[in-house]
>>> print(open('my_file-v1.csv').read())   # CSV, C-alpha atoms
chain,number,residue,atom,x,y,z
A,40,MET,CA,25.9,57.9,-32.0
A,41,LYS,CA,28.4,55.4,-33.5
A,42,LEU,CA,29.2,52.3,-31.5
A,43,ARG,CA,32.3,50.1,-31.5
A,44,PHE,CA,31.7,46.6,-30.0
A,45,LEU,CA,34.4,45.8,-27.4
A,46,GLY,CA,33.1,42.5,-26.0
A,47,LYS,CA,30.8,40.4,-24.0
A,48,ASN,CA,31.4,37.4,-21.7
A,49,SER,CA,29.2,34.7,-23.2
A,50,GLN,CA,28.9,32.7,-26.4
A,51,GLY,CA,25.2,33.4,-26.7
A,52,GLY,CA,23.6,36.6,-27.9
A,53,GLU,CA,21.9,38.3,-24.9
A,54,CYS,CA,24.3,39.2,-22.1
A,55,PRO,CA,26.1,42.2,-20.6
A,56,THR,CA,28.1,43.9,-23.3
A,57,LEU,CA,30.6,46.8,-23.5
A,58,TYR,CA,30.8,49.3,-26.3
A,59,SER,CA,32.9,52.4,-27.0
A,60,THR,CA,31.2,55.4,-28.6
A,61,ASP,CA,32.2,58.3,-30.8
A,62,ARG,CA,31.2,60.6,-27.9
A,63,ASP,CA,34.2,59.7,-25.7
A,64,THR,CA,31.9,57.4,-23.6
A,65,TYR,CA,31.3,53.7,-22.9
A,66,LEU,CA,27.9,52.0,-23.2
A,67,VAL,CA,27.5,49.3,-20.6
A,68,GLN,CA,24.6,46.9,-21.3
A,69,GLY,CA,23.7,44.9,-18.3
A,70,TRP,CA,21.0,43.5,-16.1
A,71,ARG,CA,18.4,45.9,-14.7
A,72,VAL,CA,18.9,46.4,-11.0
A,73,PHE,CA,15.7,45.4,-9.1
A,74,ALA,CA,17.2,44.3,-5.8
A,75,ASN,CA,15.9,46.7,-3.1
A,76,ASP,CA,19.1,46.4,-1.0
A,77,LEU,CA,21.2,47.7,-4.0
A,78,LEU,CA,18.7,50.4,-5.0
A,79,MET,CA,18.7,51.7,-1.4
A,80,GLN,CA,22.4,52.4,-1.6
A,81,LEU,CA,22.1,54.5,-4.8
A,82,THR,CA,20.9,58.0,-5.4
A,83,ILE,CA,19.8,57.8,-9.0
A,84,PRO,CA,19.0,61.2,-10.5
A,85,GLU,CA,16.3,61.5,-13.2
A,86,GLY,CA,17.6,60.3,-16.5
A,87,GLU,CA,20.1,57.9,-14.9
A,88,THR,CA,19.8,54.2,-14.0
A,89,ALA,CA,22.0,51.3,-12.9
A,90,VAL,CA,23.0,48.0,-14.4
A,91,GLU,CA,24.7,45.0,-13.0
A,92,VAL,CA,27.5,43.3,-14.9
A,93,PRO,CA,30.1,40.7,-14.3
A,94,THR,CA,33.5,42.1,-13.4
A,95,GLU,CA,35.1,40.3,-16.3
A,96,LEU,CA,33.2,42.5,-18.7
A,97,PHE,CA,35.7,45.3,-18.2
A,98,GLU,CA,38.6,43.0,-19.4
A,99,HIS,CA,37.4,44.2,-22.8
A,100,LEU,CA,38.7,47.7,-22.1
A,101,GLU,CA,42.0,46.4,-23.4
A,102,LYS,CA,40.5,46.6,-26.9
A,103,ASP,CA,40.2,50.3,-26.4
A,104,GLY,CA,43.8,50.8,-25.2
A,105,LEU,CA,43.1,50.7,-21.5
A,106,PRO,CA,44.8,48.2,-19.1
A,107,SER,CA,42.7,45.2,-18.2
A,108,GLY,CA,42.4,43.8,-14.8
A,109,GLU,CA,40.7,44.9,-11.6
A,110,PHE,CA,39.7,48.5,-10.9
A,111,ARG,CA,42.2,50.0,-8.4
A,112,ARG,CA,39.5,52.0,-6.8
A,113,LEU,CA,35.7,52.2,-6.8
A,114,GLU,CA,33.8,55.5,-6.7
A,115,ASP,CA,30.2,55.9,-5.5
A,116,PRO,CA,27.9,56.5,-7.3
A,117,LEU,CA,29.6,55.4,-10.5
A,118,MET,CA,30.4,51.8,-9.5
A,119,ILE,CA,30.0,49.5,-6.6
A,120,LEU,CA,31.1,45.9,-6.0
A,121,THR,CA,28.4,43.4,-4.9
A,122,PRO,CA,29.0,40.5,-2.5
A,123,GLY,CA,28.3,38.2,-5.5
A,124,GLY,CA,31.4,39.6,-7.3
A,125,THR,CA,29.6,41.8,-9.9
A,126,TYR,CA,29.7,45.5,-10.5
A,127,VAL,CA,26.7,47.8,-10.4
A,128,VAL,CA,27.4,50.7,-12.8
A,129,GLN,CA,25.4,53.9,-12.7
A,130,GLY,CA,25.1,56.3,-15.6
A,131,GLN,CA,22.9,58.1,-18.1
A,132,GLU,CA,20.2,55.8,-19.4
A,133,VAL,CA,20.6,55.4,-23.1
A,134,THR,CA,17.5,56.4,-25.1
A,135,ASP,CA,19.1,57.1,-28.5
A,136,ALA,CA,17.0,55.0,-30.9
A,137,GLU,CA,19.8,54.7,-33.4
A,138,ALA,CA,22.3,53.4,-30.8
A,139,LEU,CA,19.7,51.0,-29.3
A,140,ALA,CA,18.9,49.6,-32.7
A,141,GLN,CA,22.5,48.4,-33.0
A,142,MET,CA,22.2,46.3,-29.8
A,143,ASP,CA,20.3,43.1,-28.9
A,144,ILE,CA,18.7,44.1,-25.6
A,145,PRO,CA,16.4,41.6,-23.8
A,146,ASP,CA,13.6,43.0,-21.5
A,147,TYR,CA,15.7,42.2,-18.3
A,148,GLU,CA,18.6,44.4,-19.5
A,149,THR,CA,19.2,48.1,-20.2
A,150,VAL,CA,22.1,50.3,-21.2
A,151,VAL,CA,23.9,53.1,-19.4
A,152,GLU,CA,26.4,55.6,-20.8
A,153,VAL,CA,29.5,56.5,-18.8
A,154,PRO,CA,32.3,59.0,-19.6
A,155,LYS,CA,35.5,57.3,-20.6
A,156,ALA,CA,37.4,59.6,-18.3
A,157,ALA,CA,35.3,58.3,-15.3
A,158,ILE,CA,36.2,54.7,-16.2
A,159,THR,CA,39.9,55.5,-16.7
A,160,ALA,CA,40.0,57.3,-13.3
A,161,LEU,CA,38.8,54.0,-11.7
A,162,LEU,CA,41.8,52.2,-13.2
A,163,GLU,CA,44.3,54.6,-11.8
A,164,GLU,CA,45.9,54.4,-8.4
A,165,PRO,CA,44.4,56.9,-6.0
A,166,ARG,CA,46.4,60.1,-5.6
A,167,GLY,CA,46.1,62.0,-2.3
A,168,VAL,CA,44.1,61.4,0.8
A,169,ASP,CA,40.8,62.7,-0.7
A,170,LEU,CA,41.0,60.1,-3.5
A,171,GLN,CA,41.7,57.2,-1.2
A,172,ARG,CA,38.0,57.0,-0.1
A,173,ARG,CA,36.6,53.8,-1.5
A,174,ALA,CA,32.9,53.0,-2.0
A,175,GLN,CA,31.6,50.6,0.5
A,176,PRO,CA,30.8,47.1,-1.0
A,177,ALA,CA,27.1,46.6,-1.6
A,178,LEU,CA,25.2,44.6,1.1
>>> encode(input="my_file-v1.csv", output="structure tokens")
Amino acid sequence: MKLRFLGKNSQGGECPTLYSTDRDTYLVQGWRVFANDLLMQLTIPEGETAVEVPTELFEHLEKDGLPSGEFRRLEDPLMILTPGGTYVVQGQEVTDAEALAQMDIPDYETVVEVPKAAITALLEEPRGVDLQRRAQPAL
């Protein structure tokens, strides 16, 4: 898997980071979710996990041709907004050794892979009543 660095929101090395891949996906590197109140809200299938990242991380989508700014809608289980103003993002846990070797990942972080189409859909205005359902903010 080839990665293209889109950005991170700190000057130091280890922090949540956003990458674009050659598989039409994004890799979201973020803090492992250990909080029981957050985990209880998620149904995480085998092979998937969740990471917590600052909302500002997604400003780097601009570098991949997408508009920056706030998501217009949230969709459970892909992404929820926490009361602390961060996003919890759920996706396939990245296990590709070649991809992981390209990143600096501390023990308290992990990486999820999310389809670009899923992220793009969150940036669009909801269309129709069925798409207007928003995920409940995390407790």
>>> atom_distance(input="my_file-v1.csv", atom1="CA of Gln129 (chain A)", atom2="CA of Val92 (chain A)")
11.0 Å
>>> closest_residue(input="my_file-v1.csv", among="A:Leu66, A:Leu117, A:Thr56, A:Leu96", to="Thr82 (chain A)", atoms="all atoms listed in the file")
A:Leu117
>>> closest_residue(input="my_file-v1.csv", among="A:Leu161, A:Phe73, A:Gly123, A:Met40", to="Ala89 (chain A)", atoms="all atoms listed in the file")
A:Phe73
>>> closest_residue(input="my_file-v1.csv", among="A:Val90, A:Val72, A:Leu100, A:Leu78", to="Lys155 (chain A)", atoms="only C-alpha atoms")
A:Leu100
>>> closest_residue(input="my_file-v1.csv", among="A:Val150, A:Leu45, A:Ile119, A:Met142", to="Ser59 (chain A)", atoms="all atoms listed in the file")
A:Leu45
>>> atom_distance(input="my_file-v1.csv", atom1="CA of Ala156 (chain A)", atom2="CA of Lys102 (chain A)")
15.9 Å
>>> residues_around(input="my_file-v1.csv", residues="region 124-128 of chain A", least_positions_apart="4", cutoff="12 Å", atoms="only C-alpha atoms", output="number ranges by chain")
A: 55, 57, 65-74, 77-78, 80-81, 83, 87-97, 109-110, 113-120, 132, 149-154, 157-158, 161, 174, 176-178
>>> write_last_selection(input="my_file-v1.csv", atoms="C-alpha atoms", output="PDB file, in the coordinates of the input")
ATOM      1  CA  PRO A  55      26.100  42.200 -20.600  1.00  0.00           C
ATOM      2  CA  LEU A  57      30.600  46.800 -23.500  1.00  0.00           C
ATOM      3  CA  TYR A  65      31.300  53.700 -22.900  1.00  0.00           C
ATOM      4  CA  LEU A  66      27.900  52.000 -23.200  1.00  0.00           C
ATOM      5  CA  VAL A  67      27.500  49.300 -20.600  1.00  0.00           C
ATOM      6  CA  GLN A  68      24.600  46.900 -21.300  1.00  0.00           C
ATOM      7  CA  GLY A  69      23.700  44.900 -18.300  1.00  0.00           C
ATOM      8  CA  TRP A  70      21.000  43.500 -16.100  1.00  0.00           C
ATOM      9  CA  ARG A  71      18.400  45.900 -14.700  1.00  0.00           C
ATOM     10  CA  VAL A  72      18.900  46.400 -11.000  1.00  0.00           C
ATOM     11  CA  PHE A  73      15.700  45.400  -9.100  1.00  0.00           C
ATOM     12  CA  ALA A  74      17.200  44.300  -5.800  1.00  0.00           C
ATOM     13  CA  LEU A  77      21.200  47.700  -4.000  1.00  0.00           C
ATOM     14  CA  LEU A  78      18.700  50.400  -5.000  1.00  0.00           C
ATOM     15  CA  GLN A  80      22.400  52.400  -1.600  1.00  0.00           C
ATOM     16  CA  LEU A  81      22.100  54.500  -4.800  1.00  0.00           C
ATOM     17  CA  ILE A  83      19.800  57.800  -9.000  1.00  0.00           C
ATOM     18  CA  GLU A  87      20.100  57.900 -14.900  1.00  0.00           C
ATOM     19  CA  THR A  88      19.800  54.200 -14.000  1.00  0.00           C
ATOM     20  CA  ALA A  89      22.000  51.300 -12.900  1.00  0.00           C
ATOM     21  CA  VAL A  90      23.000  48.000 -14.400  1.00  0.00           C
ATOM     22  CA  GLU A  91      24.700  45.000 -13.000  1.00  0.00           C
ATOM     23  CA  VAL A  92      27.500  43.300 -14.900  1.00  0.00           C
ATOM     24  CA  PRO A  93      30.100  40.700 -14.300  1.00  0.00           C
ATOM     25  CA  THR A  94      33.500  42.100 -13.400  1.00  0.00           C
ATOM     26  CA  GLU A  95      35.100  40.300 -16.300  1.00  0.00           C
ATOM     27  CA  LEU A  96      33.200  42.500 -18.700  1.00  0.00           C
ATOM     28  CA  PHE A  97      35.700  45.300 -18.200  1.00  0.00           C
ATOM     29  CA  GLU A 109      40.700  44.900 -11.600  1.00  0.00           C
ATOM     30  CA  PHE A 110      39.700  48.500 -10.900  1.00  0.00           C
ATOM     31  CA  LEU A 113      35.700  52.200  -6.800  1.00  0.00           C
ATOM     32  CA  GLU A 114      33.800  55.500  -6.700  1.00  0.00           C
ATOM     33  CA  ASP A 115      30.200  55.900  -5.500  1.00  0.00           C
ATOM     34  CA  PRO A 116      27.900  56.500  -7.300  1.00  0.00           C
ATOM     35  CA  LEU A 117      29.600  55.400 -10.500  1.00  0.00           C
ATOM     36  CA  MET A 118      30.400  51.800  -9.500  1.00  0.00           C
ATOM     37  CA  ILE A 119      30.000  49.500  -6.600  1.00  0.00           C
ATOM     38  CA  LEU A 120      31.100  45.900  -6.000  1.00  0.00           C
ATOM     39  CA  GLU A 132      20.200  55.800 -19.400  1.00  0.00           C
ATOM     40  CA  THR A 149      19.200  48.100 -20.200  1.00  0.00           C
ATOM     41  CA  VAL A 150      22.100  50.300 -21.200  1.00  0.00           C
ATOM     42  CA  VAL A 151      23.900  53.100 -19.400  1.00  0.00           C
ATOM     43  CA  GLU A 152      26.400  55.600 -20.800  1.00  0.00           C
ATOM     44  CA  VAL A 153      29.500  56.500 -18.800  1.00  0.00           C
ATOM     45  CA  PRO A 154      32.300  59.000 -19.600  1.00  0.00           C
ATOM     46  CA  ALA A 157      35.300  58.300 -15.300  1.00  0.00           C
ATOM     47  CA  ILE A 158      36.200  54.700 -16.200  1.00  0.00           C
ATOM     48  CA  LEU A 161      38.800  54.000 -11.700  1.00  0.00           C
ATOM     49  CA  ALA A 174      32.900  53.000  -2.000  1.00  0.00           C
ATOM     50  CA  PRO A 176      30.800  47.100  -1.000  1.00  0.00           C
ATOM     51  CA  ALA A 177      27.100  46.600  -1.600  1.00  0.00           C
ATOM     52  CA  LEU A 178      25.200  44.600   1.100  1.00  0.00           C
TER      53      LEU A 178
END
>>> atom_distance(input="my_file-v1.csv", atom1="CA of Ile144 (chain A)", atom2="CA of Lys47 (chain A)")
12.8 Å
>>> build_atoms(input="my_file-v1.csv", residues="region 59-78 of chain A", atoms="N, CA, C and O atoms", output="PDB file, keeping the file's coordinate frame")
ATOM      1  N   SER A  59      32.302  51.075 -27.038  1.00  0.00           N
ATOM      2  CA  SER A  59      32.900  52.400 -27.000  1.00  0.00           C
ATOM      3  C   SER A  59      32.106  53.240 -28.009  1.00  0.00           C
ATOM      4  O   SER A  59      31.582  52.722 -29.000  1.00  0.00           O
ATOM      5  N   THR A  60      31.998  54.541 -27.731  1.00  0.00           N
ATOM      6  CA  THR A  60      31.200  55.400 -28.600  1.00  0.00           C
ATOM      7  C   THR A  60      32.106  56.502 -29.219  1.00  0.00           C
ATOM      8  O   THR A  60      33.227  56.734 -28.757  1.00  0.00           O
ATOM      9  N   ASP A  61      31.557  57.202 -30.196  1.00  0.00           N
ATOM     10  CA  ASP A  61      32.200  58.300 -30.800  1.00  0.00           C
ATOM     11  C   ASP A  61      32.054  59.598 -29.962  1.00  0.00           C
ATOM     12  O   ASP A  61      32.466  60.682 -30.366  1.00  0.00           O
ATOM     13  N   ARG A  62      31.438  59.476 -28.782  1.00  0.00           N
ATOM     14  CA  ARG A  62      31.200  60.600 -27.900  1.00  0.00           C
ATOM     15  C   ARG A  62      32.128  60.578 -26.674  1.00  0.00           C
ATOM     16  O   ARG A  62      31.853  61.216 -25.673  1.00  0.00           O
ATOM     17  N   ASP A  63      33.211  59.785 -26.767  1.00  0.00           N
ATOM     18  CA  ASP A  63      34.200  59.700 -25.700  1.00  0.00           C
ATOM     19  C   ASP A  63      33.513  59.066 -24.427  1.00  0.00           C
ATOM     20  O   ASP A  63      33.765  59.499 -23.304  1.00  0.00           O
ATOM     21  N   THR A  64      32.640  58.082 -24.673  1.00  0.00           N
ATOM     22  CA  THR A  64      31.900  57.400 -23.600  1.00  0.00           C
ATOM     23  C   THR A  64      31.959  55.896 -23.840  1.00  0.00           C
ATOM     24  O   THR A  64      32.331  55.435 -24.925  1.00  0.00           O
ATOM     25  N   TYR A  65      31.553  55.161 -22.813  1.00  0.00           N
ATOM     26  CA  TYR A  65      31.300  53.700 -22.900  1.00  0.00           C
ATOM     27  C   TYR A  65      29.829  53.489 -22.704  1.00  0.00           C
ATOM     28  O   TYR A  65      29.200  54.172 -21.887  1.00  0.00           O
ATOM     29  N   LEU A  66      29.275  52.521 -23.429  1.00  0.00           N
ATOM     30  CA  LEU A  66      27.900  52.000 -23.200  1.00  0.00           C
ATOM     31  C   LEU A  66      28.080  50.691 -22.482  1.00  0.00           C
ATOM     32  O   LEU A  66      28.798  49.815 -22.974  1.00  0.00           O
ATOM     33  N   VAL A  67      27.435  50.557 -21.334  1.00  0.00           N
ATOM     34  CA  VAL A  67      27.500  49.300 -20.600  1.00  0.00           C
ATOM     35  C   VAL A  67      26.073  48.736 -20.581  1.00  0.00           C
ATOM     36  O   VAL A  67      25.148  49.305 -20.005  1.00  0.00           O
ATOM     37  N   GLN A  68      25.922  47.620 -21.282  1.00  0.00           N
ATOM     38  CA  GLN A  68      24.600  46.900 -21.300  1.00  0.00           C
ATOM     39  C   GLN A  68      24.678  45.853 -20.253  1.00  0.00           C
ATOM     40  O   GLN A  68      25.589  45.030 -20.210  1.00  0.00           O
ATOM     41  N   GLY A  69      23.694  45.900 -19.361  1.00  0.00           N
ATOM     42  CA  GLY A  69      23.700  44.900 -18.300  1.00  0.00           C
ATOM     43  C   GLY A  69      22.297  44.675 -17.740  1.00  0.00           C
ATOM     44  O   GLY A  69      21.304  45.204 -18.240  1.00  0.00           O
ATOM     45  N   TRP A  70      22.254  43.848 -16.703  1.00  0.00           N
ATOM     46  CA  TRP A  70      21.000  43.500 -16.100  1.00  0.00           C
ATOM     47  C   TRP A  70      20.403  44.640 -15.322  1.00  0.00           C
ATOM     48  O   TRP A  70      21.114  45.332 -14.593  1.00  0.00           O
ATOM     49  N   ARG A  71      19.107  44.866 -15.495  1.00  0.00           N
ATOM     50  CA  ARG A  71      18.400  45.900 -14.700  1.00  0.00           C
ATOM     51  C   ARG A  71      18.550  45.576 -13.238  1.00  0.00           C
ATOM     52  O   ARG A  71      18.502  44.425 -12.839  1.00  0.00           O
ATOM     53  N   VAL A  72      18.731  46.594 -12.420  1.00  0.00           N
ATOM     54  CA  VAL A  72      18.900  46.400 -11.000  1.00  0.00           C
ATOM     55  C   VAL A  72      17.479  46.528 -10.350  1.00  0.00           C
ATOM     56  O   VAL A  72      16.856  47.586 -10.398  1.00  0.00           O
ATOM     57  N   PHE A  73      17.000  45.411  -9.790  1.00  0.00           N
ATOM     58  CA  PHE A  73      15.700  45.400  -9.100  1.00  0.00           C
ATOM     59  C   PHE A  73      15.845  45.155  -7.626  1.00  0.00           C
ATOM     60  O   PHE A  73      14.909  45.374  -6.878  1.00  0.00           O
ATOM     61  N   ALA A  74      17.005  44.684  -7.184  1.00  0.00           N
ATOM     62  CA  ALA A  74      17.200  44.300  -5.800  1.00  0.00           C
ATOM     63  C   ALA A  74      17.088  45.589  -4.896  1.00  0.00           C
ATOM     64  O   ALA A  74      17.852  46.538  -5.070  1.00  0.00           O
ATOM     65  N   ASN A  75      16.145  45.569  -3.964  1.00  0.00           N
ATOM     66  CA  ASN A  75      15.900  46.700  -3.100  1.00  0.00           C
ATOM     67  C   ASN A  75      17.155  47.096  -2.290  1.00  0.00           C
ATOM     68  O   ASN A  75      17.427  48.266  -2.064  1.00  0.00           O
ATOM     69  N   ASP A  76      17.917  46.093  -1.820  1.00  0.00           N
ATOM     70  CA  ASP A  76      19.100  46.400  -1.000  1.00  0.00           C
ATOM     71  C   ASP A  76      20.136  47.176  -1.838  1.00  0.00           C
ATOM     72  O   ASP A  76      20.822  48.046  -1.327  1.00  0.00           O
ATOM     73  N   LEU A  77      20.245  46.896  -3.134  1.00  0.00           N
ATOM     74  CA  LEU A  77      21.200  47.700  -4.000  1.00  0.00           C
ATOM     75  C   LEU A  77      20.609  49.037  -4.293  1.00  0.00           C
ATOM     76  O   LEU A  77      21.327  50.029  -4.229  1.00  0.00           O
ATOM     77  N   LEU A  78      19.336  49.104  -4.620  1.00  0.00           N
ATOM     78  CA  LEU A  78      18.700  50.400  -5.000  1.00  0.00           C
ATOM     79  C   LEU A  78      18.762  51.365  -3.807  1.00  0.00           C
ATOM     80  O   LEU A  78      18.912  52.570  -4.003  1.00  0.00           O
TER      81      LEU A  78
END
